[in-house]
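Text of the file start17.json, holding JSON, C-alpha atoms:
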```json
[["chain", "number", "residue", "atom", "x", "y", "z"],
["L", 344, "MET", "CA", 0.00, 0.00, 0.00],
["L", 345, "PHE", "CA", 1.08, 3.56, -0.58],
["L", 346, "THR", "CA", 1.71, 6.30, 1.96],
["L", 347, "LEU", "CA", 1.89, 10.03, 1.52],
["L", 348, "SER", "CA", 5.52, 10.87, 0.81],
["L", 349, "PRO", "CA", 6.84, 13.67, 3.00],
["L", 350, "LEU", "CA", 7.72, 16.93, 1.31],
["L", 351, "PRO", "CA", 11.44, 17.26, 0.55],
["L", 352, "PHE", "CA", 11.40, 20.64, 2.35],
["L", 353, "GLU", "CA", 9.66, 22.30, 5.28],
["L", 354, "LYS", "CA", 6.14, 23.56, 4.53],
["L", 355, "SER", "CA", 7.27, 27.15, 5.05],
["L", 356, "ALA", "CA", 10.47, 26.76, 2.99],
["L", 357, "LEU", "CA", 9.03, 28.08, -0.28],
["L", 358, "GLU", "CA", 7.62, 31.30, 1.12],
["L", 359, "PRO", "CA", 6.98, 33.93, -0.15],
["L", 360, "TYR", "CA", 6.54, 32.13, -3.47],
["L", 361, "MET", "CA", 4.38, 29.27, -2.21],
["L", 362, "SER", "CA", 2.78, 29.56, 1.20],
["L", 363, "GLU", "CA", 2.64, 27.04, 4.00],
["L", 364, "LYS", "CA", -1.15, 27.37, 3.79],
["L", 365, "THR", "CA", -1.10, 26.27, 0.14],
["L", 366, "LEU", "CA", 1.14, 23.32, 0.97],
["L", 367, "ASN", "CA", -1.06, 22.29, 3.89],
["L", 368, "PHE", "CA", -4.03, 22.05, 1.52],
["L", 369, "HIS", "CA", -2.22, 20.82, -1.57],
["L", 370, "HIS", "CA", 0.00, 18.20, 0.06],
["L", 371, "GLY", "CA", -1.90, 17.46, 3.25],
["L", 372, "LYS", "CA", -5.39, 17.28, 1.76],
["L", 373, "HIS", "CA", -5.37, 16.89, -2.06],
["L", 374, "HIS", "CA", -2.33, 14.65, -2.34],
["L", 375, "GLN", "CA", -3.35, 12.64, 0.74],
["L", 376, "THR", "CA", -6.79, 12.03, -0.79],
["L", 377, "TYR", "CA", -5.24, 10.58, -3.96],
["L", 378, "VAL", "CA", -3.12, 8.22, -1.85],
["L", 379, "ASP", "CA", -6.11, 7.13, 0.24],
["L", 380, "ASN", "CA", -8.33, 6.63, -2.81],
["L", 381, "LEU", "CA", -5.64, 4.65, -4.65],
["L", 382, "ASN", "CA", -5.15, 2.31, -1.70],
["L", 383, "LYS", "CA", -8.89, 1.63, -1.52],
["L", 384, "LEU", "CA", -9.14, 1.04, -5.27],
["L", 385, "ILE", "CA", -6.19, -1.37, -5.57],
["L", 386, "SER", "CA", -6.82, -3.37, -2.41],
["L", 387, "GLY", "CA", -7.22, -7.02, -3.42],
["L", 388, "THR", "CA", -6.57, -6.36, -7.12],
["L", 389, "LYS", "CA", -3.70, -7.22, -9.47],
["L", 390, "PHE", "CA", -2.39, -3.68, -8.89],
["L", 391, "GLU", "CA", -1.94, -4.09, -5.14],
["L", 392, "ASN", "CA", 1.80, -4.86, -5.21],
["L", 393, "MET", "CA", 2.82, -2.82, -8.26],
["L", 394, "SER", "CA", 4.83, 0.40, -8.30],
["L", 395, "LEU", "CA", 3.07, 3.62, -9.26],
["L", 396, "GLU", "CA", 4.75, 3.54, -12.67],
["L", 397, "GLU", "CA", 3.55, -0.02, -13.31],
["L", 398, "ILE", "CA", 0.01, 0.87, -12.26],
["L", 399, "ILE", "CA", 0.04, 3.91, -14.55],
["L", 400, "LYS", "CA", 1.30, 1.92, -17.55],
["L", 401, "GLN", "CA", -1.17, -0.93, -17.04],
["L", 402, "SER", "CA", -4.21, 1.23, -16.31],
["L", 403, "ALA", "CA", -3.68, 4.06, -18.81],
["L", 404, "LEU", "CA", -6.23, 4.24, -21.61],
["L", 405, "ASN", "CA", -8.22, 1.34, -20.13],
["L", 406, "PRO", "CA", -11.74, 2.55, -19.26],
["L", 407, "GLU", "CA", -12.13, -0.29, -16.75],
["L", 408, "TYR", "CA", -9.30, 1.20, -14.67],
["L", 409, "THR", "CA", -9.92, 4.94, -15.07],
["L", 410, "ALA", "CA", -10.30, 5.61, -11.35],
["L", 411, "ILE", "CA", -7.15, 3.61, -10.55],
["L", 412, "PHE", "CA", -5.20, 5.42, -13.26],
["L", 413, "ASN", "CA", -6.39, 8.85, -12.12],
["L", 414, "ASN", "CA", -5.42, 8.30, -8.51],
["L", 415, "ALA", "CA", -2.13, 6.50, -9.23],
["L", 416, "ALA", "CA", -1.09, 9.14, -11.74],
["L", 417, "GLN", "CA", -1.99, 11.95, -9.35],
["L", 418, "VAL", "CA", 0.08, 10.35, -6.57],
["L", 419, "PHE", "CA", 3.02, 10.03, -8.98],
["L", 420, "ASN", "CA", 2.52, 13.52, -10.46],
["L", 421, "HIS", "CA", 2.47, 15.15, -7.04],
["L", 422, "ASN", "CA", 5.48, 13.20, -5.75],
["L", 423, "PHE", "CA", 7.35, 14.29, -8.87],
["L", 424, "PHE", "CA", 6.17, 17.91, -8.60],
["L", 425, "TRP", "CA", 7.41, 18.24, -5.02],
["L", 426, "SER", "CA", 10.85, 17.09, -6.19],
["L", 427, "CYS", "CA", 10.81, 19.86, -8.82],
["L", 428, "LEU", "CA", 10.59, 22.59, -6.14],
["L", 429, "SER", "CA", 13.33, 24.23, -4.10],
["L", 430, "LYS", "CA", 13.65, 27.49, -2.21],
["L", 431, "GLU", "CA", 17.07, 27.91, -3.79],
["L", 432, "GLY", "CA", 15.51, 27.60, -7.24],
["L", 433, "ASN", "CA", 18.47, 26.27, -9.18],
["L", 434, "LYS", "CA", 18.12, 28.57, -12.21],
["L", 435, "LYS", "CA", 19.46, 26.23, -14.87],
["L", 436, "PRO", "CA", 19.98, 22.46, -15.13],
["L", 437, "ASN", "CA", 23.34, 20.70, -15.15],
["L", 438, "SER", "CA", 25.50, 21.29, -18.20],
["L", 439, "GLU", "CA", 24.49, 18.07, -20.02],
["L", 440, "LEU", "CA", 20.74, 18.75, -19.77],
["L", 441, "LEU", "CA", 21.29, 22.45, -20.43],
["L", 442, "LYS", "CA", 23.11, 21.65, -23.69],
["L", 443, "LYS", "CA", 20.25, 19.36, -24.70],
["L", 444, "ILE", "CA", 17.67, 22.05, -23.87],
["L", 445, "GLU", "CA", 19.62, 24.67, -25.82],
["L", 446, "SER", "CA", 19.98, 22.32, -28.77],
["L", 447, "THR", "CA", 16.28, 21.41, -28.77],
["L", 448, "PHE", "CA", 14.73, 24.81, -28.04],
["L", 449, "GLY", "CA", 17.41, 27.18, -29.34],
["L", 450, "SER", "CA", 18.20, 28.65, -25.90],
["L", 451, "TYR", "CA", 17.30, 28.19, -22.28],
["L", 452, "GLU", "CA", 15.26, 31.39, -22.45],
["L", 453, "ASN", "CA", 13.26, 30.03, -25.39],
["L", 454, "PHE", "CA", 12.68, 26.81, -23.45],
["L", 455, "GLU", "CA", 11.28, 28.88, -20.55],
["L", 456, "LYS", "CA", 9.02, 30.78, -22.96],
["L", 457, "GLU", "CA", 7.69, 27.58, -24.55],
["L", 458, "PHE", "CA", 7.27, 25.85, -21.20],
["L", 459, "LYS", "CA", 5.40, 28.82, -19.76],
["L", 460, "GLN", "CA", 3.15, 28.93, -22.84],
["L", 461, "ALA", "CA", 2.31, 25.24, -22.42],
["L", 462, "ALA", "CA", 1.56, 25.66, -18.70],
["L", 463, "VAL", "CA", -0.55, 28.79, -19.13],
["L", 464, "SER", "CA", -2.47, 27.47, -22.15],
["L", 465, "GLN", "CA", -3.39, 24.14, -20.53],
["L", 466, "PHE", "CA", -7.17, 24.38, -20.54],
["L", 467, "GLY", "CA", -8.59, 23.55, -17.15],
["L", 468, "SER", "CA", -6.73, 21.34, -14.70],
["L", 469, "GLY", "CA", -3.51, 19.63, -15.63],
["L", 470, "TRP", "CA", 0.23, 19.71, -15.88],
["L", 471, "ALA", "CA", 3.05, 21.01, -18.09],
["L", 472, "TRP", "CA", 6.07, 18.74, -18.48],
["L", 473, "LEU", "CA", 9.56, 18.57, -19.87],
["L", 474, "ALA", "CA", 9.88, 14.96, -20.96],
["L", 475, "GLN", "CA", 12.22, 12.75, -22.94],
["L", 476, "ASP", "CA", 11.23, 10.17, -25.54],
["L", 477, "THR", "CA", 12.86, 6.77, -25.98],
["L", 478, "ASP", "CA", 15.33, 8.27, -28.50],
["L", 479, "GLY", "CA", 16.48, 10.88, -25.96],
["L", 480, "ASN", "CA", 14.65, 13.78, -27.61],
["L", 481, "LEU", "CA", 13.23, 16.46, -25.32],
["L", 482, "LYS", "CA", 9.59, 17.53, -25.55],
["L", 483, "ILE", "CA", 7.43, 20.03, -23.75],
["L", 484, "THR", "CA", 4.01, 18.51, -23.24],
["L", 485, "LYS", "CA", 0.90, 19.38, -21.34],
["L", 486, "THR", "CA", -1.57, 16.90, -19.96],
["L", 487, "SER", "CA", -5.10, 17.22, -18.64],
["L", 488, "ASN", "CA", -6.23, 16.11, -15.22],
["L", 489, "ALA", "CA", -4.11, 13.14, -14.03],
["L", 490, "ASP", "CA", -2.53, 12.25, -17.37],
["L", 491, "ASN", "CA", 1.26, 12.18, -17.49],
["L", 492, "PRO", "CA", 4.18, 11.34, -19.81],
["L", 493, "ILE", "CA", 4.57, 7.79, -18.45],
["L", 494, "ALA", "CA", 1.18, 6.89, -19.93],
["L", 495, "HIS", "CA", 2.59, 7.88, -23.34],
["L", 496, "GLY", "CA", 5.97, 6.16, -23.19],
["L", 497, "LEU", "CA", 7.87, 9.31, -22.18],
["L", 498, "LYS", "CA", 10.20, 9.91, -19.24],
["L", 499, "PRO", "CA", 9.26, 12.98, -17.18],
["L", 500, "LEU", "CA", 12.16, 15.30, -16.35],
["L", 501, "MET", "CA", 10.35, 18.28, -14.82],
["L", 502, "THR", "CA", 6.77, 19.37, -14.21],
["L", 503, "ILE", "CA", 4.52, 22.09, -12.88],
["L", 504, "ASP", "CA", 1.07, 21.49, -11.45],
["L", 505, "VAL", "CA", -1.45, 23.90, -12.97],
["L", 506, "TRP", "CA", -4.51, 22.63, -11.16],
["L", 507, "GLU", "CA", -5.98, 25.64, -9.34],
["L", 508, "HIS", "CA", -5.33, 24.09, -5.92],
["L", 509, "ALA", "CA", -1.60, 24.39, -6.66],
["L", 510, "TYR", "CA", -1.67, 28.17, -6.77],
["L", 511, "TYR", "CA", -5.07, 29.70, -6.04],
["L", 512, "LEU", "CA", -4.51, 30.62, -2.38],
["L", 513, "ASP", "CA", -1.33, 32.50, -3.30],
["L", 514, "TYR", "CA", -2.04, 33.73, -6.84],
["L", 515, "GLN", "CA", -5.84, 33.57, -7.20],
["L", 516, "ASN", "CA", -6.56, 33.29, -10.95],
["L", 517, "ARG", "CA", -3.09, 34.45, -12.04],
["L", 518, "ARG", "CA", -1.71, 31.16, -13.36],
["L", 519, "ALA", "CA", 0.85, 32.99, -15.50],
["L", 520, "ASP", "CA", 2.31, 34.66, -12.40],
["L", 521, "PHE", "CA", 2.56, 31.28, -10.66],
["L", 522, "VAL", "CA", 4.33, 29.73, -13.65],
["L", 523, "GLU", "CA", 6.71, 32.68, -13.93],
["L", 524, "THR", "CA", 7.52, 32.43, -10.22],
["L", 525, "PHE", "CA", 8.12, 28.69, -10.55],
["L", 526, "LEU", "CA", 10.57, 29.24, -13.40],
["L", 527, "LYS", "CA", 12.40, 32.15, -11.74],
["L", 528, "TYR", "CA", 12.49, 31.11, -8.09],
["L", 529, "LEU", "CA", 11.35, 27.54, -7.40],
["L", 530, "ILE", "CA", 12.44, 25.19, -10.17],
["L", 531, "ASN", "CA", 14.71, 22.45, -8.88],
["L", 532, "TRP", "CA", 16.93, 20.97, -11.59],
["L", 533, "LYS", "CA", 18.92, 18.79, -9.17]]
```

Re-express the file's structure as structure tokens.
Amino acid sequence: MFTLSPLPFEKSALEPYMSEKTLNFHHGKHHQTYVDNLNKLISGTKFENMSLEEIIKQSALNPEYTAIFNNAAQVFNHNFFWSCLSKEGNKKPNSELLKKIESTFGSYENFEKEFKQAAVSQFGSGWAWLAQDTDGNLKITKTSNADNPIAHGLKPLMTIDVWEHAYYLDYQNRRADFVETFLKYLINWK
């Protein structure tokens, strides 16, 4: 069974960019609910002893397992998102990934522009991702609701949560400001 992974930082560590109040709701309530729901849904099923990634791959695009997929993917997505945040906000990735980003997107600044556009233009709830395909090519993708790159054979490298609960207490309806803040101050490339 799954448990709520602790945050890799103190709940007040991201202030003033992301408040402790937001993290209390986002991590302590939303994320916890996905974990609880997933455990109930997989109890006594073939999924019970699988990893999150295995559950996602085996339940994706199968209408019979939609609820399992949604909750497993949201647990994974949130675990991954927390690892993408840091108060120190490492401004650029290591040299190898930076070279790949610059080669793919023309410059790091152009990558930021395209990533922000994907995150801001995601209609409704979802995620923006930097992912890598099986050939090593980088892609910026956006996914709705619980969907994620794993369900499409991609390896996630970085993500931002653009569900309203991720930013509404701190930014109200200003998703673009949240995304800009993430890219300037919170992104963790480590």

**Complete:** Computed gap from CA of Leu500 in chain L to CA of Ala471 in chain L is 10.9 Å

**Request:** List every protein, DNA or RNA residue that has at least one atom no more than 12 Å from (7.5, 5.4, -24.9) in the file's coordinates, counting only C-alpha atoms, and write the result as a list in words.
**Result:**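 The answer, in the requested form, is Lys400, Ala474, Gln475, Asp476, Thr477, Asp478, Gly479, Asn480, Asn491, Pro492, Ile493, Ala494, His495, Gly496, Leu497, Lys498 and Pro499 of chain L.
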
**Message:** From the options L:Tyr514, L:Trp470, L:Phe448, L:Phe345, which residue's atoms come nearest to Val418 in chain L, counting only C-alpha atoms?
**Reply:** L:Phe345

**Message:** Between CA of Thr376 in chain L and CA of Lys389 in chain L, what distance in Å does the model show, to one decimal?
**Reply:**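 Pair CA of Thr376 in chain L / CA of Lys389 in chain L returns 21.3 Å.
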
Padded axis-aligned box of range 498-505 of chain L (6 Å per side), centre and edge lengths, Å, one decimal, as lines of an AutoDock Vina configuration file:
```
center_x = 5.4
center_y = 16.9
center_z = -15.3
size_x = 25.6
size_y = 26.0
size_z = 19.8
```

**Fill in**
Using all atoms listed in the file, the residue out of L:Leu366, L:Leu428, L:Val378, L:Ala356 with shortest distance to Thr524 in chain L is L:Leu428

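CA of Asn420 in chain L lies 12.4 Å from CA of His369 in chain L.
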
**Selection as number ranges by chain: residues within 12 Å of (0.8, 17.3, -17.8), counting only C-alpha atoms** = L: 416-417, 419-421, 423-424, 458, 461-474, 482-495, 497, 499-506

**Request:** Give me the residues within 10 Å of Ile385 in chain L as a PyMOL selection string, counting all atoms listed in the file and dropping any in the same chain fewer than 2 places off.
**Result:** chain L and resi 344+380-383+387-393+398+408+410-411+415

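By chain and then residue number, the residues within 10 Å of Tyr528 in chain L are Leu357, Tyr360, Leu428, Ser429, Lys430, Glu431, Gly432, Asn433, Lys434, Val522, Glu523, Thr524, Phe525 and Asn531 of chain L, counting only C-alpha atoms and disregarding those fewer than 3 positions away in sequence.
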
**Asked** In terms of the shortest atom-to-atom distance over all atoms listed in the file, which of L:Glu455, L:Glu396, L:Asp379, L:Glu445 is closest to Asn414 in chain L?
**Response** L:Asp379

**Item:** Minimum-distance residue to Ser348 in chain L, chosen among L:Thr365, L:Pro406, L:Asn422, L:Leu395 (using all atoms listed in the file)
**Value:**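 The shortest atom-to-atom distance to Ser348 in chain L comes from L:Asn422.
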
**Request:** Pick out the closest residue to Arg518 in chain L from this set: L:Lys459, L:Lys442, L:Lys533, L:His370. Count only C-alpha atoms.
**Result:** L:Lys459

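Across L:Asn413, L:Gly371, L:Trp425, L:Asn453, the tightest approach to Leu347 in chain L is made by L:Gly371 when counting all atoms listed in the file.
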
**Prompt:** Residues at most 9 Å from Lys364 in chain L, counting all atoms listed in the file, excluding those fewer than 2 positions away in the same chain, as a list in words?
**Reply:**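 Here the answer would be Lys354, Ser355, Met361, Ser362, Leu366, Asn367, Phe368, His369, Leu512 and Asp513 of chain L.
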
Please output range 426-437 of chain L, rebuilt to include all heavy atoms, as a PDB file, keeping the file's coordinate frame.
```
ATOM      1  N   SER L 426       9.407  17.195  -5.957  1.00  0.00           N
ATOM      2  CA  SER L 426      10.850  17.090  -6.190  1.00  0.00           C
ATOM      3  C   SER L 426      11.353  18.160  -7.159  1.00  0.00           C
ATOM      4  O   SER L 426      12.559  18.381  -7.260  1.00  0.00           O
ATOM      5  CB  SER L 426      11.225  15.698  -6.699  1.00  0.00           C
ATOM      6  OG  SER L 426      10.815  15.526  -8.037  1.00  0.00           O
ATOM      7  N   CYS L 427      10.447  18.812  -7.862  1.00  0.00           N
ATOM      8  CA  CYS L 427      10.810  19.860  -8.820  1.00  0.00           C
ATOM      9  C   CYS L 427      10.841  21.249  -8.178  1.00  0.00           C
ATOM     10  O   CYS L 427      11.037  22.246  -8.864  1.00  0.00           O
ATOM     11  CB  CYS L 427       9.836  19.874  -9.994  1.00  0.00           C
ATOM     12  SG  CYS L 427       9.943  18.412 -11.038  1.00  0.00           S
ATOM     13  N   LEU L 428      10.632  21.310  -6.855  1.00  0.00           N
ATOM     14  CA  LEU L 428      10.590  22.590  -6.140  1.00  0.00           C
ATOM     15  C   LEU L 428      11.743  22.717  -5.169  1.00  0.00           C
ATOM     16  O   LEU L 428      12.121  21.749  -4.504  1.00  0.00           O
ATOM     17  CB  LEU L 428       9.277  22.698  -5.346  1.00  0.00           C
ATOM     18  CG  LEU L 428       7.979  22.660  -6.125  1.00  0.00           C
ATOM     19  CD1 LEU L 428       6.797  22.563  -5.176  1.00  0.00           C
ATOM     20  CD2 LEU L 428       7.854  23.881  -7.023  1.00  0.00           C
ATOM     21  N   SER L 429      12.280  23.929  -5.068  1.00  0.00           N
ATOM     22  CA  SER L 429      13.330  24.230  -4.100  1.00  0.00           C
ATOM     23  C   SER L 429      13.340  25.715  -3.822  1.00  0.00           C
ATOM     24  O   SER L 429      13.174  26.526  -4.741  1.00  0.00           O
ATOM     25  CB  SER L 429      14.690  23.813  -4.655  1.00  0.00           C
ATOM     26  OG  SER L 429      15.722  24.274  -3.805  1.00  0.00           O
ATOM     27  N   LYS L 430      13.535  26.075  -2.578  1.00  0.00           N
ATOM     28  CA  LYS L 430      13.650  27.490  -2.210  1.00  0.00           C
ATOM     29  C   LYS L 430      14.835  28.138  -2.918  1.00  0.00           C
ATOM     30  O   LYS L 430      14.787  29.292  -3.303  1.00  0.00           O
ATOM     31  CB  LYS L 430      13.791  27.611  -0.680  1.00  0.00           C
ATOM     32  CG  LYS L 430      14.053  29.009  -0.178  1.00  0.00           C
ATOM     33  CD  LYS L 430      12.863  29.922  -0.350  1.00  0.00           C
ATOM     34  CE  LYS L 430      13.120  31.261   0.311  1.00  0.00           C
ATOM     35  NZ  LYS L 430      11.956  31.891   0.825  1.00  0.00           N
ATOM     36  N   GLU L 431      15.889  27.368  -3.131  1.00  0.00           N
ATOM     37  CA  GLU L 431      17.070  27.910  -3.790  1.00  0.00           C
ATOM     38  C   GLU L 431      16.858  28.095  -5.283  1.00  0.00           C
ATOM     39  O   GLU L 431      17.602  28.791  -5.942  1.00  0.00           O
ATOM     40  CB  GLU L 431      18.286  27.021  -3.541  1.00  0.00           C
ATOM     41  CG  GLU L 431      18.814  27.107  -2.129  1.00  0.00           C
ATOM     42  CD  GLU L 431      17.934  26.384  -1.114  1.00  0.00           C
ATOM     43  OE1 GLU L 431      17.436  25.271  -1.418  1.00  0.00           O
ATOM     44  OE2 GLU L 431      17.724  26.931  -0.032  1.00  0.00           O
ATOM     45  N   GLY L 432      15.850  27.429  -5.842  1.00  0.00           N
ATOM     46  CA  GLY L 432      15.510  27.600  -7.240  1.00  0.00           C
ATOM     47  C   GLY L 432      16.700  27.589  -8.174  1.00  0.00           C
ATOM     48  O   GLY L 432      17.019  28.598  -8.789  1.00  0.00           O
ATOM     49  N   ASN L 433      17.342  26.442  -8.272  1.00  0.00           N
ATOM     50  CA  ASN L 433      18.470  26.270  -9.180  1.00  0.00           C
ATOM     51  C   ASN L 433      18.058  26.777 -10.562  1.00  0.00           C
ATOM     52  O   ASN L 433      17.211  26.192 -11.212  1.00  0.00           O
ATOM     53  CB  ASN L 433      18.818  24.775  -9.195  1.00  0.00           C
ATOM     54  CG  ASN L 433      20.152  24.508  -9.798  1.00  0.00           C
ATOM     55  OD1 ASN L 433      20.839  25.426 -10.220  1.00  0.00           O
ATOM     56  ND2 ASN L 433      20.518  23.250  -9.837  1.00  0.00           N
ATOM     57  N   LYS L 434      18.608  27.874 -11.029  1.00  0.00           N
ATOM     58  CA  LYS L 434      18.120  28.570 -12.210  1.00  0.00           C
ATOM     59  C   LYS L 434      18.254  27.804 -13.529  1.00  0.00           C
ATOM     60  O   LYS L 434      17.471  27.986 -14.424  1.00  0.00           O
ATOM     61  CB  LYS L 434      18.807  29.933 -12.341  1.00  0.00           C
ATOM     62  CG  LYS L 434      18.641  30.820 -11.130  1.00  0.00           C
ATOM     63  CD  LYS L 434      17.185  31.077 -10.792  1.00  0.00           C
ATOM     64  CE  LYS L 434      17.004  31.969  -9.609  1.00  0.00           C
ATOM     65  NZ  LYS L 434      16.933  31.331  -8.317  1.00  0.00           N
ATOM     66  N   LYS L 435      19.273  26.996 -13.640  1.00  0.00           N
ATOM     67  CA  LYS L 435      19.460  26.230 -14.870  1.00  0.00           C
ATOM     68  C   LYS L 435      19.889  24.801 -14.526  1.00  0.00           C
ATOM     69  O   LYS L 435      20.503  24.572 -13.488  1.00  0.00           O
ATOM     70  CB  LYS L 435      20.500  26.883 -15.778  1.00  0.00           C
ATOM     71  CG  LYS L 435      20.023  28.204 -16.362  1.00  0.00           C
ATOM     72  CD  LYS L 435      20.989  28.747 -17.382  1.00  0.00           C
ATOM     73  CE  LYS L 435      20.442  30.042 -17.960  1.00  0.00           C
ATOM     74  NZ  LYS L 435      21.367  30.631 -18.927  1.00  0.00           N
ATOM     75  N   PRO L 436      19.591  23.859 -15.404  1.00  0.00           N
ATOM     76  CA  PRO L 436      19.980  22.460 -15.130  1.00  0.00           C
ATOM     77  C   PRO L 436      21.475  22.250 -15.302  1.00  0.00           C
ATOM     78  O   PRO L 436      22.198  23.137 -15.753  1.00  0.00           O
ATOM     79  CB  PRO L 436      19.187  21.689 -16.184  1.00  0.00           C
ATOM     80  CG  PRO L 436      18.950  22.653 -17.282  1.00  0.00           C
ATOM     81  CD  PRO L 436      18.846  24.009 -16.638  1.00  0.00           C
ATOM     82  N   ASN L 437      21.921  21.033 -14.974  1.00  0.00           N
ATOM     83  CA  ASN L 437      23.340  20.700 -15.150  1.00  0.00           C
ATOM     84  C   ASN L 437      23.730  20.871 -16.614  1.00  0.00           C
ATOM     85  O   ASN L 437      22.878  20.949 -17.496  1.00  0.00           O
ATOM     86  CB  ASN L 437      23.632  19.283 -14.644  1.00  0.00           C
ATOM     87  CG  ASN L 437      22.946  18.208 -15.477  1.00  0.00           C
ATOM     88  OD1 ASN L 437      22.997  18.220 -16.710  1.00  0.00           O
ATOM     89  ND2 ASN L 437      22.305  17.267 -14.816  1.00  0.00           N
TER      90      ASN L 437
END
```
